[in-house]
Amino acid sequence: MDGKAIEGVREKLAKAEKVTVLTGAGVSAESGVPTFRGEEGLWRNYRAEELATPGAFARDPELVWQWYNMRREKLAPLAPNAAHTALAWLERKVADFTLITQNVDGLHKRGGSENIVELHGNIWRVRCTECGVIEENRDVPIAIPPACGECGGLLRPHIVWFGEMLPEEALSAAYAALEGCAVLLVVGTSGLVQPAASMASVAGRGGAYVVEVNIEKTPNAASVDTMLVGRAAEVVPLIVGEKG
Ligand code: OAD
């Protein structure tokens, strides 16, 4: 690991009054959460893109819920790793801190982060397709078909599916966090899925110092000031100065 680069990032973070972090599946990899474009494999011959869609849910809500039950079973025993806890530690040191995540696993919250923008929703929340009420639901497995406690309507996962718009509120919170941040840390995201894929360049154009942590080079590279190649759970604790 490049000690000089790490030291440089630590100094930037120590001076910064506004810090924003953008995370993707790679930040949870060492907790055992599979990444999307990794070797996740198929479930009963379906790909995620065939199940996490409004069309699939309209056709066969039971099938989609069975898939989510499988994912809930896999996620339930997993714990936050050193990257999650280091980011929570950083939040306590910085005056204006926002963590934007594409992950739906809820591990940032369990790792102690507070100001979190969940761009793609959360697997432990459900939303009524009739009355729109949103509730936490940690049942593993969830009873199929799950019914709304308020109106009896069918519940769906509170997740942004392929082909759906991101919630306006999350998007505006994310862009407010990117605007004027002194440092943007981009951790464990492939830089392939919009709008997260363009957030590094948005922050960079606004004057942010952009740092990326990933096990490999990504399309964010053009907007990145310092690229740290390594695993999130190793590198993030070093750059936030928690240890080392
Ligand atoms: P991807 O699976 O596309 O990318 C994961 C990234 O993490 C890759 O760039 C890996 O190189 C990197 N990575 C893997 N292990 C790592 C580690 N231990 N430390 C650091 N980096 C590591 O996941 P996302 O970018 O999160 O959307 O994918 C974005 C969105 O695409 C997801 O939120 C999902 C999917 O479609 C929805 O579900 C709406």
# chains A, B, ... in the order shown; residues from 1 in each chain; ligands from 1
>>> residues_near_ligand(ligand="ligand 1", cutoff="7 Å", atoms="only C-alpha atoms and all ligand atoms", output="PyMOL selection string")
chain A and resi 23-27+29-30+35-38+102-103+120+160-162+187-193+213-216+218+230-233
>>> select_by_dssp(residues="segment 98-214 of chain A", states="strand (DSSP E or B)", output="VMD selection string")
chain A and resid 98 to 101 116 to 118 121 to 128 134 to 136 147 154 to 159 183 to 187 209 to 214
>>> residues_around(residues="Leu90 of chain A", least_positions_apart="6", cutoff="10 Å", atoms="only C-alpha atoms", output="compact mmCIF listing (two decimals) with C-alpha atoms, in the first residue's frame")
# COMPACT_ATOMS: atom_id res chain seq x y z
CA LEU A 13 -9.70 14.51 5.45
CA ALA A 14 -8.33 16.09 8.61
CA VAL A 19 -16.95 15.17 3.43
CA PHE A 97 -20.78 14.42 6.58
CA SER A 113 -23.28 5.59 10.37
CA VAL A 236 -10.66 2.71 4.60
CA PRO A 237 -9.53 2.32 8.24
CA ILE A 239 -7.23 6.66 5.36
CA VAL A 240 -9.68 7.80 7.98
CA GLY A 241 -6.81 7.64 10.45
CA GLU A 242 -8.54 5.23 12.78
>>> closest_residue(among="A:Leu119, A:Ala197, A:Leu51, A:Leu178", to="Tyr68 of chain A", atoms="only C-alpha atoms")
A:Leu51
>>> closest_residue(among="A:Ala182, A:Ala176, A:Val9, A:Ala76", to="Pro141 of chain A", atoms="only C-alpha atoms")
A:Ala76
>>> residues_around(residues="Ser31 of chain A", least_positions_apart="5", cutoff="8 Å", atoms="only C-alpha atoms", output="list in words")
Leu78, Ala79, Pro80 and Asn81 of chain A
>>> write_last_selection(atoms="C-alpha atoms", output="short mmCIF file (atom, residue, chain, number, x, y, z; two decimals), in the first residue's frame")
data_model
loop_
_atom_site.label_atom_id
_atom_site.label_comp_id
_atom_site.auth_asym_id
_atom_site.auth_seq_id
_atom_site.Cartn_x
_atom_site.Cartn_y
_atom_site.Cartn_z
CA LEU A 78 -23.82 -10.87 8.17
CA ALA A 79 -22.14 -8.13 10.19
CA PRO A 80 -20.58 -4.77 9.27
CA ASN A 81 -16.84 -4.92 8.52
#
>>> select_by_dssp(residues="segment 7-157 of chain A", states="helix (DSSP H, G or I)", output="VMD selection string")
chain A and resid 7 to 15 25 to 31 48 to 51 54 to 59 61 to 75 82 to 93 107 to 110
>>> closest_residue(among="A:Arg59, A:Trp65, A:Gly32, A:Ala174", to="Ala143 of chain A", atoms="only C-alpha atoms")
A:Trp65
>>> closest_residue(among="A:Cys148, A:Ala48, A:Val104, A:Met1", to="Val33 of chain A", atoms="only C-alpha atoms")
A:Val104
>>> closest_residue(among="A:Leu171, A:Ala56, A:Leu87, A:Val183", to="Val210 of chain A", atoms="only C-alpha atoms")
A:Val183
>>> closest_residue(among="A:Met199, A:Ala208, A:Leu154, A:Ile142", to="Glu73 of chain A", atoms="only C-alpha atoms")
A:Ile142
>>> residues_around(residues="Ala200 of chain A", least_positions_apart="5", cutoff="10 Å", atoms="only C-alpha atoms", output="PyMOL selection string")
chain A and resi 21-22+178+184-186+191+205-206+208-212+220-224
>>> residues_around(residues="segment 156-158 of chain A", least_positions_apart="3", cutoff="10 Å", atoms="only C-alpha atoms", output="ChimeraX atom specification")
/A:52,54,57,61,64-65,68,104,120-129,132,134-137,145-148,153,161
>>> write_last_selection(atoms="N, CA and C atoms", output="short mmCIF file (atom, residue, chain, number, x, y, z; two decimals), in the first residue's frame")
data_model
loop_
_atom_site.label_atom_id
_atom_site.label_comp_id
_atom_site.auth_asym_id
_atom_site.auth_seq_id
_atom_site.Cartn_x
_atom_site.Cartn_y
_atom_site.Cartn_z
N ALA A 52 -35.74 -8.38 -10.19
CA ALA A 52 -35.86 -7.08 -9.52
C ALA A 52 -36.41 -6.06 -10.50
N PRO A 54 -40.37 -4.15 -11.87
CA PRO A 54 -41.81 -4.01 -11.62
C PRO A 54 -42.61 -5.03 -12.43
N PHE A 57 -42.60 -8.44 -10.75
CA PHE A 57 -43.44 -8.44 -9.53
C PHE A 57 -44.93 -8.46 -9.90
N PRO A 61 -45.66 -12.03 -8.02
CA PRO A 61 -45.11 -11.46 -6.78
C PRO A 61 -44.56 -12.54 -5.84
N VAL A 64 -40.96 -13.36 -6.85
CA VAL A 64 -40.05 -12.27 -6.50
C VAL A 64 -39.82 -12.27 -4.99
N TRP A 65 -40.87 -12.49 -4.21
CA TRP A 65 -40.70 -12.53 -2.74
C TRP A 65 -39.86 -13.74 -2.31
N TYR A 68 -36.40 -12.67 -2.70
CA TYR A 68 -36.00 -11.75 -1.62
C TYR A 68 -35.84 -12.49 -0.30
N VAL A 104 -28.31 -2.02 -0.41
CA VAL A 104 -29.62 -2.17 0.24
C VAL A 104 -29.51 -3.03 1.50
N HIS A 120 -30.80 3.28 -3.40
CA HIS A 120 -31.57 2.16 -3.97
C HIS A 120 -32.50 1.50 -2.97
N GLY A 121 -32.74 2.16 -1.82
CA GLY A 121 -33.67 1.59 -0.84
C GLY A 121 -32.98 0.64 0.13
N ASN A 122 -33.79 -0.20 0.78
CA ASN A 122 -33.26 -1.05 1.85
C ASN A 122 -34.05 -2.35 1.89
N ILE A 123 -33.32 -3.45 1.91
CA ILE A 123 -33.99 -4.76 1.84
C ILE A 123 -34.80 -5.06 3.10
N TRP A 124 -34.54 -4.35 4.18
CA TRP A 124 -35.26 -4.60 5.44
C TRP A 124 -36.47 -3.68 5.61
N ARG A 125 -36.84 -3.03 4.50
CA ARG A 125 -38.06 -2.21 4.51
C ARG A 125 -39.02 -2.72 3.46
N VAL A 126 -40.31 -2.56 3.75
CA VAL A 126 -41.35 -2.96 2.79
C VAL A 126 -42.25 -1.76 2.53
N ARG A 127 -42.90 -1.76 1.38
CA ARG A 127 -43.79 -0.65 1.02
C ARG A 127 -45.09 -1.22 0.47
N CYS A 128 -46.21 -0.65 0.90
CA CYS A 128 -47.50 -1.15 0.44
C CYS A 128 -47.77 -0.66 -0.98
N THR A 129 -48.14 -1.60 -1.85
CA THR A 129 -48.42 -1.23 -3.25
C THR A 129 -49.76 -0.51 -3.36
N GLY A 132 -49.05 2.82 0.07
CA GLY A 132 -47.74 3.46 0.03
C GLY A 132 -47.00 3.51 1.37
N ILE A 134 -44.62 2.78 4.37
CA ILE A 134 -43.30 2.13 4.38
C ILE A 134 -43.01 1.68 5.80
N GLU A 135 -42.61 0.41 5.95
CA GLU A 135 -42.34 -0.11 7.30
C GLU A 135 -41.06 -0.91 7.30
N GLU A 136 -40.46 -0.97 8.50
CA GLU A 136 -39.33 -1.89 8.66
C GLU A 136 -39.90 -3.29 8.83
N ASN A 137 -39.27 -4.27 8.20
CA ASN A 137 -39.70 -5.66 8.37
C ASN A 137 -38.47 -6.54 8.27
N PRO A 145 -48.02 -14.32 0.47
CA PRO A 145 -47.69 -12.94 0.12
C PRO A 145 -47.85 -12.03 1.33
N PRO A 146 -46.92 -11.12 1.56
CA PRO A 146 -47.02 -10.24 2.73
C PRO A 146 -48.10 -9.17 2.55
N ALA A 147 -48.87 -8.96 3.62
CA ALA A 147 -49.98 -8.00 3.53
C ALA A 147 -49.73 -6.80 4.42
N CYS A 148 -50.18 -5.64 3.96
CA CYS A 148 -50.02 -4.38 4.70
C CYS A 148 -50.87 -4.40 5.97
N GLY A 153 -53.20 -4.37 1.67
CA GLY A 153 -52.64 -4.42 0.31
C GLY A 153 -51.35 -5.25 0.27
N TRP A 161 -36.11 -0.84 -8.24
CA TRP A 161 -35.89 -1.94 -9.18
C TRP A 161 -35.40 -1.42 -10.52
#
>>> decode(residues="segment 167-183 of chain A", atoms="all heavy atoms", output="mmCIF file, in the first residue's frame")
data_model
loop_
_atom_site.group_PDB
_atom_site.id
_atom_site.type_symbol
_atom_site.label_atom_id
_atom_site.label_comp_id
_atom_site.auth_asym_id
_atom_site.auth_seq_id
_atom_site.Cartn_x
_atom_site.Cartn_y
_atom_site.Cartn_z
ATOM 1 N N PRO A 167 -35.813 7.616 -5.861
ATOM 2 C CA PRO A 167 -36.662 8.560 -5.134
ATOM 3 C C PRO A 167 -36.068 9.972 -5.156
ATOM 4 O O PRO A 167 -34.870 10.163 -4.925
ATOM 5 C CB PRO A 167 -36.705 8.007 -3.704
ATOM 6 C CG PRO A 167 -35.748 6.873 -3.651
ATOM 7 C CD PRO A 167 -35.322 6.525 -5.044
ATOM 8 N N GLU A 168 -36.928 10.933 -5.451
ATOM 9 C CA GLU A 168 -36.531 12.341 -5.589
ATOM 10 C C GLU A 168 -35.789 12.835 -4.338
ATOM 11 O O GLU A 168 -34.776 13.527 -4.420
ATOM 12 C CB GLU A 168 -37.813 13.164 -5.816
ATOM 13 C CG GLU A 168 -37.586 14.551 -6.358
ATOM 14 C CD GLU A 168 -36.749 14.559 -7.621
ATOM 15 O OE1 GLU A 168 -37.055 13.811 -8.572
ATOM 16 O OE2 GLU A 168 -35.769 15.311 -7.629
ATOM 17 N N GLU A 169 -36.325 12.433 -3.192
ATOM 18 C CA GLU A 169 -35.753 12.907 -1.919
ATOM 19 C C GLU A 169 -34.298 12.447 -1.751
ATOM 20 O O GLU A 169 -33.420 13.231 -1.364
ATOM 21 C CB GLU A 169 -36.581 12.313 -0.779
ATOM 22 C CG GLU A 169 -36.717 13.178 0.430
ATOM 23 C CD GLU A 169 -37.604 12.480 1.441
ATOM 24 O OE1 GLU A 169 -38.774 12.198 1.107
ATOM 25 O OE2 GLU A 169 -37.115 12.190 2.533
ATOM 26 N N ALA A 170 -34.050 11.177 -2.076
ATOM 27 C CA ALA A 170 -32.688 10.633 -1.938
ATOM 28 C C ALA A 170 -31.756 11.317 -2.932
ATOM 29 O O ALA A 170 -30.618 11.672 -2.592
ATOM 30 C CB ALA A 170 -32.700 9.125 -2.169
ATOM 31 N N LEU A 171 -32.249 11.526 -4.146
ATOM 32 C CA LEU A 171 -31.406 12.163 -5.158
ATOM 33 C C LEU A 171 -31.023 13.583 -4.763
ATOM 34 O O LEU A 171 -29.868 13.975 -4.874
ATOM 35 C CB LEU A 171 -32.153 12.222 -6.487
ATOM 36 C CG LEU A 171 -31.953 11.056 -7.424
ATOM 37 C CD1 LEU A 171 -32.711 11.287 -8.712
ATOM 38 C CD2 LEU A 171 -30.463 10.858 -7.716
ATOM 39 N N SER A 172 -32.019 14.349 -4.276
ATOM 40 C CA SER A 172 -31.665 15.733 -3.945
ATOM 41 C C SER A 172 -30.747 15.776 -2.731
ATOM 42 O O SER A 172 -29.845 16.614 -2.669
ATOM 43 C CB SER A 172 -32.895 16.632 -3.797
ATOM 44 O OG SER A 172 -33.793 16.057 -2.927
ATOM 45 N N ALA A 173 -30.928 14.855 -1.785
ATOM 46 C CA ALA A 173 -30.003 14.810 -0.634
ATOM 47 C C ALA A 173 -28.593 14.459 -1.108
ATOM 48 O O ALA A 173 -27.596 15.015 -0.631
ATOM 49 C CB ALA A 173 -30.489 13.793 0.396
ATOM 50 N N ALA A 174 -28.501 13.549 -2.079
ATOM 51 C CA ALA A 174 -27.180 13.145 -2.581
ATOM 52 C C ALA A 174 -26.495 14.323 -3.279
ATOM 53 O O ALA A 174 -25.320 14.603 -3.029
ATOM 54 C CB ALA A 174 -27.325 11.963 -3.539
ATOM 55 N N TYR A 175 -27.234 15.019 -4.134
ATOM 56 C CA TYR A 175 -26.603 16.131 -4.852
ATOM 57 C C TYR A 175 -26.249 17.290 -3.914
ATOM 58 O O TYR A 175 -25.228 17.951 -4.104
ATOM 59 C CB TYR A 175 -27.453 16.573 -6.043
ATOM 60 C CG TYR A 175 -27.318 15.584 -7.186
ATOM 61 C CD1 TYR A 175 -28.363 14.742 -7.541
ATOM 62 C CD2 TYR A 175 -26.102 15.443 -7.858
ATOM 63 C CE1 TYR A 175 -28.212 13.796 -8.559
ATOM 64 C CE2 TYR A 175 -25.941 14.510 -8.867
ATOM 65 C CZ TYR A 175 -26.997 13.689 -9.213
ATOM 66 O OH TYR A 175 -26.829 12.757 -10.197
ATOM 67 N N ALA A 176 -27.047 17.486 -2.889
ATOM 68 C CA ALA A 176 -26.701 18.525 -1.906
ATOM 69 C C ALA A 176 -25.401 18.139 -1.187
ATOM 70 O O ALA A 176 -24.569 18.999 -0.878
ATOM 71 C CB ALA A 176 -27.840 18.694 -0.901
ATOM 72 N N ALA A 177 -25.224 16.866 -0.949
ATOM 73 C CA ALA A 177 -24.004 16.406 -0.270
ATOM 74 C C ALA A 177 -22.783 16.520 -1.174
ATOM 75 O O ALA A 177 -21.662 16.777 -0.709
ATOM 76 C CB ALA A 177 -24.180 14.964 0.197
ATOM 77 N N LEU A 178 -22.991 16.344 -2.467
ATOM 78 C CA LEU A 178 -21.859 16.425 -3.403
ATOM 79 C C LEU A 178 -21.432 17.874 -3.625
ATOM 80 O O LEU A 178 -20.250 18.154 -3.868
ATOM 81 C CB LEU A 178 -22.243 15.804 -4.751
ATOM 82 C CG LEU A 178 -22.501 14.296 -4.729
ATOM 83 C CD1 LEU A 178 -23.154 13.847 -6.033
ATOM 84 C CD2 LEU A 178 -21.209 13.521 -4.486
ATOM 85 N N GLU A 179 -22.407 18.771 -3.522
ATOM 86 C CA GLU A 179 -22.126 20.179 -3.795
ATOM 87 C C GLU A 179 -21.254 20.775 -2.693
ATOM 88 O O GLU A 179 -21.622 20.758 -1.519
ATOM 89 C CB GLU A 179 -23.453 20.936 -3.884
ATOM 90 C CG GLU A 179 -23.303 22.288 -4.518
ATOM 91 C CD GLU A 179 -24.636 23.030 -4.530
ATOM 92 O OE1 GLU A 179 -25.672 22.416 -4.837
ATOM 93 O OE2 GLU A 179 -24.617 24.220 -4.175
ATOM 94 N N GLY A 180 -20.114 21.247 -3.096
ATOM 95 C CA GLY A 180 -19.249 21.935 -2.144
ATOM 96 C C GLY A 180 -18.535 21.040 -1.141
ATOM 97 O O GLY A 180 -17.967 21.527 -0.168
ATOM 98 N N CYS A 181 -18.536 19.716 -1.366
ATOM 99 C CA CYS A 181 -17.785 18.882 -0.411
ATOM 100 C C CYS A 181 -16.289 19.051 -0.719
ATOM 101 O O CYS A 181 -15.887 19.212 -1.869
ATOM 102 C CB CYS A 181 -18.224 17.421 -0.438
ATOM 103 S SG CYS A 181 -17.879 16.526 -1.944
ATOM 104 N N ALA A 182 -15.493 19.020 0.328
ATOM 105 C CA ALA A 182 -14.044 19.190 0.145
ATOM 106 C C ALA A 182 -13.414 17.884 -0.323
ATOM 107 O O ALA A 182 -12.468 17.876 -1.104
ATOM 108 C CB ALA A 182 -13.413 19.649 1.457
ATOM 109 N N VAL A 183 -13.951 16.774 0.188
ATOM 110 C CA VAL A 183 -13.436 15.457 -0.204
ATOM 111 C C VAL A 183 -14.611 14.545 -0.516
ATOM 112 O O VAL A 183 -15.603 14.527 0.217
ATOM 113 C CB VAL A 183 -12.595 14.806 0.932
ATOM 114 C CG1 VAL A 183 -12.078 13.434 0.503
ATOM 115 C CG2 VAL A 183 -11.430 15.697 1.344
#
